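Q: Below you'll find target30.cif; it's mmCIF, C-alpha atoms and all ligand atoms.
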data_run
#
loop_
_atom_site.label_atom_id
_atom_site.label_comp_id
_atom_site.auth_asym_id
_atom_site.auth_seq_id
_atom_site.Cartn_x
_atom_site.Cartn_y
_atom_site.Cartn_z
CA MET T 1 101.60 108.25 64.84
CA TYR T 2 99.71 106.99 67.89
CA LEU T 3 99.38 103.43 66.59
CA GLU T 4 103.12 103.03 66.92
CA ILE T 5 102.92 103.92 70.63
CA TYR T 6 100.06 101.47 71.15
CA GLN T 7 101.91 98.69 69.36
CA TYR T 8 105.08 99.37 71.32
CA THR T 9 103.24 98.98 74.65
CA GLU T 10 101.41 95.86 73.50
CA ALA T 11 104.63 94.23 72.26
CA ALA T 12 106.45 95.11 75.48
CA PHE T 13 103.61 93.70 77.58
CA ARG T 14 103.48 90.49 75.53
CA SER T 15 107.21 90.13 75.89
CA VAL T 16 107.46 90.63 79.69
CA MET T 17 104.42 88.40 80.35
CA ASN T 18 105.38 85.87 77.68
CA ILE T 19 101.87 85.96 76.18
CA PRO T 20 101.25 83.46 73.36
CA ASP T 21 99.69 84.56 70.02
CA ASP T 22 96.41 82.81 70.71
CA TYR T 23 95.71 85.35 73.48
CA ALA T 24 94.46 88.87 72.77
CA VAL T 25 95.75 91.80 74.83
CA LEU T 26 93.41 94.74 75.39
CA PHE T 27 94.00 98.11 77.06
CA LEU T 28 90.67 99.42 78.30
CA ALA T 29 89.32 102.38 80.22
CA GLY T 30 87.27 101.64 83.33
CA GLY T 31 89.90 100.00 85.53
CA ALA T 32 89.53 96.55 87.04
CA THR T 33 86.04 97.50 88.20
CA GLY T 34 84.97 97.90 84.58
CA GLU T 35 86.16 94.34 83.98
CA PHE T 36 84.02 93.08 86.88
CA SER T 37 81.10 93.82 84.52
CA ALA T 38 82.82 93.05 81.22
CA ILE T 39 83.70 89.50 82.30
CA PRO T 40 80.09 88.25 82.69
CA MET T 41 78.89 90.32 79.71
CA ASN T 42 81.43 88.58 77.51
CA LEU T 43 81.73 85.11 79.03
CA LEU T 44 78.49 84.25 80.84
CA PRO T 45 75.57 83.12 78.63
CA GLU T 46 72.06 84.36 79.64
CA ASP T 47 71.16 80.96 81.12
CA GLY T 48 74.70 80.05 82.20
CA ILE T 49 76.40 79.81 85.55
CA ALA T 50 79.74 81.18 86.77
CA ASP T 51 81.70 80.27 89.89
CA TYR T 52 83.43 82.88 92.08
CA VAL T 53 85.80 82.56 95.02
CA ASP T 54 85.21 85.16 97.74
CA SER T 55 88.70 85.79 99.12
CA GLY T 56 88.52 89.53 99.84
CA ASN T 57 86.76 92.80 99.31
CA PHE T 58 87.48 93.06 95.58
CA ALA T 59 86.73 89.38 95.00
CA HIS T 60 83.40 89.97 96.72
CA GLY T 61 82.82 93.10 94.63
CA ALA T 62 83.52 91.20 91.42
CA ALA T 63 80.85 88.62 92.33
CA VAL T 64 78.32 91.28 93.36
CA GLU T 65 78.76 92.99 90.00
CA ALA T 66 78.53 89.72 88.07
CA LYS T 67 75.25 88.84 89.83
CA LYS T 68 73.63 91.67 87.87
CA PHE T 69 74.17 89.58 84.76
CA GLY T 70 73.20 86.07 85.77
CA ASN T 71 73.61 83.05 87.94
CA ILE T 72 76.71 83.37 90.13
CA ARG T 73 77.76 80.74 92.66
CA ILE T 74 80.16 81.44 95.51
CA VAL T 75 82.32 78.31 95.58
CA ALA T 76 84.23 79.20 98.75
CA SER T 77 84.49 82.20 101.03
CA SER T 78 86.72 83.37 103.86
CA ARG T 79 84.50 86.39 104.57
CA GLU T 80 83.43 85.06 107.98
CA GLU T 81 87.11 84.79 108.97
CA ASN T 82 87.81 88.37 107.99
CA TYR T 83 89.53 87.13 104.83
CA VAL T 84 92.71 86.09 106.66
CA ARG T 85 93.26 83.26 104.18
CA ILE T 86 92.39 82.03 100.70
CA PRO T 87 89.41 79.72 101.31
CA ALA T 88 89.95 76.04 100.54
CA PHE T 89 88.15 74.46 97.59
CA SER T 90 88.82 71.82 94.98
CA LEU T 91 87.80 70.88 91.48
CA SER T 92 84.84 68.86 92.79
CA ASP T 93 83.39 72.03 94.35
CA LEU T 94 83.10 73.68 90.94
CA ASP T 95 79.96 73.46 88.83
CA ALA T 96 80.84 71.19 85.90
CA ASN T 97 78.90 73.56 83.61
CA ALA T 98 80.41 76.78 84.93
CA ALA T 99 81.31 79.24 82.16
CA TYR T 100 84.39 80.16 84.22
CA LEU T 101 85.89 80.29 87.71
CA HIS T 102 86.80 83.78 88.93
CA ILE T 103 89.61 84.30 91.44
CA THR T 104 91.56 87.29 92.75
CA THR T 105 95.23 86.30 92.73
CA ASN T 106 96.28 88.85 95.38
CA ASN T 107 93.93 90.38 97.94
CA THR T 108 95.12 93.95 98.24
CA ILE T 109 93.35 94.95 101.44
CA PHE T 110 93.85 91.78 103.47
CA GLY T 111 97.36 90.90 102.29
CA THR T 112 96.79 87.37 101.01
CA ARG T 113 97.66 85.68 97.73
CA TYR T 114 97.10 82.34 96.02
CA THR T 115 100.31 80.46 96.64
CA ALA T 116 99.14 77.80 94.17
CA LEU T 117 96.64 78.19 91.34
CA PRO T 118 93.47 76.11 91.60
CA GLU T 119 92.88 73.08 89.42
CA THR T 120 89.88 73.90 87.18
CA GLY T 121 89.86 71.09 84.62
CA ASP T 122 88.17 72.38 81.44
CA ILE T 123 86.63 75.38 83.19
CA PRO T 124 88.41 78.58 82.13
CA LEU T 125 90.19 80.32 85.00
CA VAL T 126 89.49 84.06 85.08
CA ALA T 127 91.78 86.05 87.37
CA ASP T 128 91.81 89.58 88.69
CA ALA T 129 95.55 90.14 89.12
CA SER T 130 95.32 93.88 89.75
CA SER T 131 97.64 93.96 92.72
CA ASN T 132 100.26 91.35 91.80
CA ILE T 133 100.54 91.31 88.01
CA LEU T 134 104.22 91.56 86.92
CA SER T 135 105.36 90.79 90.48
CA GLU T 136 105.70 87.07 89.89
CA VAL T 137 105.95 84.82 86.86
CA TYR T 138 102.64 83.39 85.67
CA ASP T 139 102.15 80.87 82.89
CA ILE T 140 99.37 82.64 81.04
CA ARG T 141 98.30 79.33 79.47
CA LYS T 142 96.81 78.37 82.84
CA PHE T 143 94.29 81.22 82.45
CA GLY T 144 91.33 81.84 80.18
CA VAL T 145 91.46 85.50 81.16
CA MET T 146 93.77 87.58 83.32
CA TYR T 147 92.91 91.21 83.92
CA ALA T 148 94.26 94.01 86.08
CA GLY T 149 93.86 97.66 86.84
CA VAL T 150 97.23 99.03 85.76
CA GLN T 151 97.89 101.41 88.65
CA LYS T 152 99.99 99.11 90.83
CA ASN T 153 102.69 97.52 88.70
CA ILE T 154 102.05 98.62 85.11
CA GLY T 155 101.52 102.35 84.84
CA PRO T 156 99.48 105.39 85.88
CA ALA T 157 95.84 104.94 86.88
CA GLY T 158 93.03 105.03 84.36
CA MET T 159 93.10 101.72 82.55
CA ALA T 160 92.83 97.95 82.77
CA VAL T 161 94.73 95.35 80.82
CA LEU T 162 92.89 92.23 79.74
CA ILE T 163 94.60 89.12 78.45
CA VAL T 164 92.06 86.74 76.94
CA ARG T 165 92.35 83.41 75.16
CA LYS T 166 90.95 84.14 71.72
CA ASP T 167 88.63 81.12 71.60
CA LEU T 168 86.69 82.61 74.54
CA LEU T 169 85.78 85.65 72.47
CA GLY T 170 82.86 85.85 70.05
CA HIS T 171 79.91 85.35 72.41
CA PRO T 172 79.10 88.66 74.08
CA ARG T 173 75.60 89.24 75.45
CA ALA T 174 73.41 90.84 72.78
CA ASN T 175 72.98 94.01 74.84
CA THR T 176 76.67 94.46 75.73
CA PRO T 177 77.71 98.10 75.29
CA LYS T 178 80.33 98.14 72.57
CA ILE T 179 83.09 99.59 74.76
CA TYR T 180 82.68 96.54 77.04
CA ASP T 181 82.55 94.13 74.11
CA CYS T 182 85.94 92.37 74.24
CA THR T 183 85.43 90.78 70.83
CA LYS T 184 84.88 94.18 69.17
CA GLN T 185 87.70 95.70 71.21
CA ALA T 186 90.06 92.91 70.13
CA GLU T 187 89.12 93.51 66.48
CA ALA T 188 89.73 97.26 66.91
CA ASP T 189 93.06 97.10 68.81
CA SER T 190 91.21 98.48 71.91
CA MET T 191 90.33 101.57 69.90
CA ILE T 192 86.57 101.50 69.51
CA ASN T 193 86.76 104.99 70.97
CA THR T 194 89.65 107.23 72.02
CA PRO T 195 91.84 105.01 74.21
CA PRO T 196 93.65 106.18 77.39
CA THR T 197 96.55 107.35 75.22
CA PHE T 198 98.85 108.83 77.86
CA THR T 199 98.40 105.86 80.20
CA ILE T 200 99.21 103.45 77.37
CA TYR T 201 102.32 105.49 76.51
CA MET T 202 103.46 105.57 80.15
CA ALA T 203 102.78 101.84 80.53
CA GLY T 204 105.20 101.26 77.64
CA LEU T 205 107.90 103.18 79.50
CA CYS T 206 107.20 101.28 82.74
CA LEU T 207 107.45 98.00 80.84
CA ASP T 208 110.86 99.11 79.55
CA TRP T 209 111.79 99.59 83.21
CA VAL T 210 110.58 96.05 83.99
CA LYS T 211 112.84 94.76 81.20
CA ASP T 212 115.76 96.81 82.55
CA GLN T 213 115.30 95.17 85.96
CA GLY T 214 115.80 91.78 84.31
CA GLY T 215 112.13 91.06 83.65
CA VAL T 216 109.41 89.62 85.85
CA SER T 217 111.48 86.68 87.11
CA ALA T 218 114.18 89.05 88.43
CA LEU T 219 111.55 91.29 90.02
CA GLU T 220 109.96 88.22 91.61
CA GLN T 221 113.23 87.38 93.37
CA VAL T 222 113.51 90.93 94.71
CA ASN T 223 109.87 90.84 95.79
CA ILE T 224 110.43 87.59 97.69
CA GLU T 225 113.41 89.15 99.43
CA LYS T 226 111.47 92.33 100.27
CA ALA T 227 108.47 90.43 101.65
CA ASN T 228 110.61 87.96 103.64
CA MET T 229 112.52 90.80 105.24
CA LEU T 230 109.31 92.46 106.43
CA TYR T 231 107.59 89.24 107.56
CA ASP T 232 110.74 88.18 109.46
CA CYS T 233 110.68 91.50 111.27
CA ILE T 234 106.99 91.04 112.13
CA ASP T 235 107.42 87.42 113.24
CA ASN T 236 110.32 88.35 115.52
CA SER T 237 108.54 91.34 116.98
CA LYS T 238 106.90 91.65 120.39
CA LEU T 239 104.88 94.63 119.18
CA PHE T 240 103.72 93.83 115.66
CA LYS T 241 101.62 90.88 114.55
CA GLY T 242 100.86 89.81 110.97
CA THR T 243 97.14 89.55 110.14
CA ALA T 244 97.22 87.13 107.18
CA ASP T 245 97.54 83.37 107.57
CA LYS T 246 101.23 82.55 107.00
CA GLU T 247 100.46 80.07 104.25
CA PHE T 248 98.84 82.76 102.08
CA ARG T 249 100.91 85.84 102.76
CA SER T 250 101.00 88.43 100.00
CA ARG T 251 104.33 89.65 98.66
CA MET T 252 102.79 92.97 97.63
CA ASN T 253 100.66 93.98 100.61
CA VAL T 254 102.03 93.23 104.07
CA THR T 255 99.30 93.71 106.69
CA PHE T 256 99.97 93.87 110.42
CA VAL T 257 98.69 95.32 113.69
CA THR T 258 99.89 96.15 117.18
CA GLY T 259 96.65 94.85 118.66
CA ASN T 260 95.43 98.32 119.58
CA PRO T 261 94.00 100.75 116.98
CA ASP T 262 95.38 103.81 118.81
CA SER T 263 98.87 102.31 118.85
CA ASP T 264 98.53 101.45 115.15
CA ALA T 265 97.65 105.08 114.42
CA ALA T 266 100.55 106.34 116.56
CA PHE T 267 102.99 104.11 114.66
CA VAL T 268 101.63 105.21 111.27
CA LYS T 269 101.97 108.87 112.30
CA GLU T 270 105.52 108.56 113.59
CA ALA T 271 106.55 106.52 110.55
CA ALA T 272 105.18 109.28 108.29
CA SER T 273 107.19 111.91 110.13
CA ASN T 274 110.25 109.77 109.32
CA GLY T 275 109.45 109.76 105.61
CA LEU T 276 107.73 106.34 105.63
CA VAL T 277 104.33 107.23 104.23
CA ASN T 278 101.09 105.46 103.27
CA LEU T 279 101.36 102.80 105.98
CA LYS T 280 97.78 103.16 107.20
CA GLY T 281 95.73 100.02 106.60
CA HIS T 282 92.81 100.22 104.17
CA ARG T 283 89.88 102.12 105.65
CA LEU T 284 87.79 98.92 105.67
CA VAL T 285 90.12 97.05 108.02
CA GLY T 286 92.36 99.58 109.77
CA GLY T 287 95.72 98.45 111.15
CA ILE T 288 98.93 98.89 109.21
CA ARG T 289 99.70 97.93 105.61
CA ALA T 290 102.97 98.21 103.73
CA SER T 291 102.23 98.02 100.02
CA ILE T 292 105.55 97.08 98.48
CA TYR T 293 104.78 96.96 94.78
CA ASN T 294 107.49 96.53 92.14
CA ALA T 295 108.41 100.23 92.31
CA MET T 296 109.38 99.99 96.00
CA PRO T 297 113.13 99.31 96.12
CA ILE T 298 114.62 96.90 98.64
CA GLU T 299 116.25 99.91 100.39
CA GLY T 300 112.76 101.25 101.17
CA VAL T 301 111.80 98.01 102.90
CA LYS T 302 115.11 97.97 104.80
CA LYS T 303 114.39 101.48 106.01
CA LEU T 304 110.93 100.44 107.21
CA VAL T 305 112.30 97.36 109.01
CA ASP T 306 114.99 99.43 110.74
CA PHE T 307 112.36 101.94 111.80
CA MET T 308 110.04 99.19 113.14
CA LYS T 309 112.87 97.65 115.20
CA GLU T 310 113.82 101.01 116.64
CA TYR T 311 110.17 101.90 117.31
CA GLU T 312 109.63 98.63 119.14
CA VAL T 313 112.48 99.33 121.54
CA HIS T 314 110.62 102.42 122.76
CA HIS T 315 107.05 101.11 122.66
CA VAL T 316 106.87 97.62 124.13
N1 LIG A 1 90.82 94.32 92.19
C1 LIG A 1 91.86 94.44 93.01
C2 LIG A 1 92.55 93.19 93.49
C3 LIG A 1 92.30 95.71 93.42
O1 LIG A 1 93.35 95.83 94.26
C4 LIG A 1 91.63 96.85 92.94
C5 LIG A 1 92.05 98.26 93.29
N2 LIG A 1 92.87 98.45 94.32
C6 LIG A 1 90.53 96.67 92.11
C7 LIG A 1 90.16 95.40 91.73
C8 LIG A 1 89.77 97.85 91.57
O2 LIG A 1 90.55 98.42 90.59
P1 LIG A 1 90.17 99.74 89.82
O3 LIG A 1 90.29 100.85 90.79
O4 LIG A 1 91.17 99.80 88.70
O5 LIG A 1 88.77 99.60 89.31
#
As structure tokens, what does this structure read like?

A:
Amino acid sequence: MYLEIYQYTEAAFRSVMNIPDDYAVLFLAGGATGEFSAIPMNLLPEDGIADYVDSGNFAHGAAVEAKKFGNIRIVASSREENYVRIPAFSLSDLDANAAYLHITTNNTIFGTRYTALPETGDIPLVADASSNILSEVYDIRKFGVMYAGVQKNIGPAGMAVLIVRKDLLGHPRANTPKIYDCTKQAEADSMINTPPTFTIYMAGLCLDWVKDQGGVSALEQVNIEKANMLYDCIDNSKLFKGTADKEFRSRMNVTFVTGNPDSDAAFVKEAASNGLVNLKGHRLVGGIRASIYNAMPIEGVKKLVDFMKEYEVHHV
């Protein structure tokens, strides 16, 4: 009975992401953080090397976790600039023998995203797309692996999805725990042990919703409109200032400040009393952050923009 539910969700996910047959799709407990470990355990040989781009807190965390398993090189980092942009790098900066290059397509806390994917030649591109999967169209063929915690755009918390090109499977570290062994998980339809059944079921329903919206390409258009509306408001404001470099602005997480932490807090509080909740920036950076994932309708963003304009009149 359950297998039908699992297969429904997998088929729906393959359909909305347009995933070719030579890629396996896994639904795994442990969230994206679990995959920070699973990636090197499955893809990095004992004596191998992997390249990581440090573009934010989670990108950094992925590299820190991977270092437990082997030789990790940080190809580029914007850490010293408070992660306001995606750091620049090119193919020649990569180690020709790297097992993979790891990137984070959208940096949830800092509000930046890769506006173009890096050129990696024959080196498989591994991407943590936790906070922008299903928000824009990706050609999965450009990736060796894409993974994501599901809790932003796919379904309720408690799971990660992993899309992996099948030829990359088959070489896990000898001591890889079996629940982290992507090869075994792929052979077992992600059911080496009891899978997150309810989350998988709910993800299937959310994917139906994605289809009803017209699919990822239709959602992408709405997301562009939502983000533009908010960034226009910020750019035309005398009170609010965007924190991310314009070239790399996220469409999912819009980060901004007033320039004064007390004023930021006052704005967040008054917004909440007007029904606009969860605008406090991540505890690591403070400020203000509007996370406008797929589930946030355009009307919600309009309401926020109207509130910001009105607030500005009284607080500049
Ligand atoms: N990567 C990114 C980009 C994230 O935004 C998050 C969570 N917000 C994580 C990784 C960690 O995900 P999880 O909580 O599913 O382990």

Q: Collect all residues with atoms no farther than 8 Å from ligand LIG 1 (chain A), counting all atoms listed in the file, and output them as a list in words.

A: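 Using all atoms listed in the file, everything at most 8 Å from ligand LIG 1 (chain A) comes to Gly30, Gly31, Ala32, Thr33, Gly34, Glu35, Phe58, Ala59, Ala62, Thr104, Thr105, Asn106, Asn107, Thr108, Ile109, Asp128, Ala129, Ser130, Ser131, Ala148, Gly149, Val150, Gln151, Lys152, Ala157, Gly158, Met159 and Ala160 of chain T.
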
Q: My list of candidates is T:Met1, T:Leu207, T:Leu125, T:Ala66. Which is closest to Asn294 (chain T) when distances are computed with all atoms listed in the file?

A: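 Closest to Asn294 (chain T) of all the choices is T:Leu207.
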
Q: Which residue, T:Gly70, T:Gly242, T:Pro40, T:Gly170, has the smallest gap to Val257 (chain T) when you use only C-alpha atoms?

A: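 Looking only at the distances to Val257 (chain T), the closest residue turns out to be T:Gly242.
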
Q: Restricting the calculation to all atoms listed in the file, which member of T:Pro87, T:Pro172, T:Gly155, T:Gly214 is positioned closest to Ile39 (chain T)?

A: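 Distance minimum relative to Ile39 (chain T) lands on T:Pro172.
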
Q: So what do you get for CA of Arg73 (chain T) versus CA of Leu162 (chain T), distance-wise?

A: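 Going from CA of Arg73 (chain T) over to CA of Leu162 (chain T) covers 23.0 Å.
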
Q: Within 7 Å of (78.0, 85.7, 93.9) in the file's own coordinates, which protein, DNA or RNA residues have an atom, counting all atoms listed in the file? List them as a PyMOL selection string.

A: chain T and resi 52+63-64+67+72-74

Q: If you count all atoms listed in the file, which residues fall within 12 Å of Gly300 (chain T), apart from same-chain ones fewer than 3 positions away, as a CSV table (one decimal) with C-alpha atoms, keeping the file's coordinate frame?

A:
chain,number,residue,atom,x,y,z
T,226,LYS,CA,111.5,92.3,100.3
T,227,ALA,CA,108.5,90.4,101.6
T,229,MET,CA,112.5,90.8,105.2
T,230,LEU,CA,109.3,92.5,106.4
T,275,GLY,CA,109.4,109.8,105.6
T,276,LEU,CA,107.7,106.3,105.6
T,277,VAL,CA,104.3,107.2,104.2
T,290,ALA,CA,103.0,98.2,103.7
T,291,SER,CA,102.2,98.0,100.0
T,292,ILE,CA,105.6,97.1,98.5
T,293,TYR,CA,104.8,97.0,94.8
T,294,ASN,CA,107.5,96.5,92.1
T,295,ALA,CA,108.4,100.2,92.3
T,296,MET,CA,109.4,100.0,96.0
T,297,PRO,CA,113.1,99.3,96.1
T,303,LYS,CA,114.4,101.5,106.0
T,304,LEU,CA,110.9,100.4,107.2
T,305,VAL,CA,112.3,97.4,109.0
T,306,ASP,CA,115.0,99.4,110.7
T,307,PHE,CA,112.4,101.9,111.8

Q: Compare T:Ile123, T:Val301, T:Met308, T:Ile5 by their minimum atom-to-atom distance to Ala271 (chain T), counting only C-alpha atoms, and give me the closest one.

A: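 Counting only C-alpha atoms, the residue closest to Ala271 (chain T) is T:Met308.
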
Q: T:Ile200, T:Ile133, T:Ala96, T:Val285: which is nearest Gln7 (chain T), counting only C-alpha atoms?

A: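 For Gln7 (chain T), the nearest of the candidates is T:Ile200.
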
Q: I'd like the neighbourhood of Asp262 (chain T) as a ChimeraX atom specification, where a residue qualifies if any of its atoms comes within 12 Å (using all atoms listed in the file), though same-chain residues fewer than 3 positions away should be ignored.

A: /T:257-259,265-269,280,286-288

Q: Which is closest to Ala98 (chain T) among T:Ser15, T:Thr255, T:Asn71, T:Asn228, if we use all atoms listed in the file?

A: T:Asn71

Q: Which distance in Å separates CA of Pro118 (chain T) and CA of Thr183 (chain T), to one decimal?

A: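 CA of Pro118 (chain T) sits 26.7 Å away from CA of Thr183 (chain T).
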
Q: How many Å separate CA of Tyr201 (chain T) from CA of Asn153 (chain T)?

A: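 One can read the CA of Tyr201 (chain T) to CA of Asn153 (chain T) distance as 14.6 Å.
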
Q: Excluding Arg251 (chain T) and any residue of its chain fewer than 2 positions from it, enumerate the residues within 8 Å of it, using only C-alpha atoms, and give them as a ChimeraX atom specification.

A: /T:111,113,223-224,226-227,249,253-254,292

Q: Would you pick out the contacts of region 9-12 of chain T at 9 Å or less, using all atoms listed in the file, so that residues sharing its chain but fewer than 4 positions from it are not included, and give the list as a PDB file with C-alpha atoms, in the coordinates of the input?

A:
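For reference, around-v5.pdb as written:
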ATOM      1  CA  GLU T   4     103.120 103.030  66.920  1.00  0.00           C
ATOM      2  CA  ILE T   5     102.920 103.920  70.630  1.00  0.00           C
ATOM      3  CA  VAL T  16     107.460  90.630  79.690  1.00  0.00           C
ATOM      4  CA  MET T  17     104.420  88.400  80.350  1.00  0.00           C
ATOM      5  CA  VAL T  25      95.750  91.800  74.830  1.00  0.00           C
ATOM      6  CA  LEU T  26      93.410  94.740  75.390  1.00  0.00           C
ATOM      7  CA  PHE T  27      94.000  98.110  77.060  1.00  0.00           C
ATOM      8  CA  ILE T 200      99.210 103.450  77.370  1.00  0.00           C
ATOM      9  CA  TYR T 201     102.320 105.490  76.510  1.00  0.00           C
ATOM     10  CA  MET T 202     103.460 105.570  80.150  1.00  0.00           C
ATOM     11  CA  ALA T 203     102.780 101.840  80.530  1.00  0.00           C
ATOM     12  CA  GLY T 204     105.200 101.260  77.640  1.00  0.00           C
ATOM     13  CA  LEU T 205     107.900 103.180  79.500  1.00  0.00           C
ATOM     14  CA  LEU T 207     107.450  98.000  80.840  1.00  0.00           C
ATOM     15  CA  ASP T 208     110.860  99.110  79.550  1.00  0.00           C
ATOM     16  CA  LYS T 211     112.840  94.760  81.200  1.00  0.00           C
TER      17      LYS T 211
END

Q: Within 8 Å of (111.9, 93.3, 114.7) (file coordinates; all atoms listed in the file), which protein or nucleic acid residues are there? I'd like them as an mmCIF file with C-alpha atoms, keeping the file's coordinate frame.

A:
data_model
loop_
_atom_site.group_PDB
_atom_site.id
_atom_site.type_symbol
_atom_site.label_atom_id
_atom_site.label_comp_id
_atom_site.auth_asym_id
_atom_site.auth_seq_id
_atom_site.Cartn_x
_atom_site.Cartn_y
_atom_site.Cartn_z
ATOM 1 C CA ASP T 232 110.740 88.180 109.460
ATOM 2 C CA CYS T 233 110.680 91.500 111.270
ATOM 3 C CA ILE T 234 106.990 91.040 112.130
ATOM 4 C CA ASP T 235 107.420 87.420 113.240
ATOM 5 C CA ASN T 236 110.320 88.350 115.520
ATOM 6 C CA SER T 237 108.540 91.340 116.980
ATOM 7 C CA LYS T 238 106.900 91.650 120.390
ATOM 8 C CA VAL T 305 112.300 97.360 109.010
ATOM 9 C CA ASP T 306 114.990 99.430 110.740
ATOM 10 C CA MET T 308 110.040 99.190 113.140
ATOM 11 C CA LYS T 309 112.870 97.650 115.200
ATOM 12 C CA GLU T 312 109.630 98.630 119.140
#
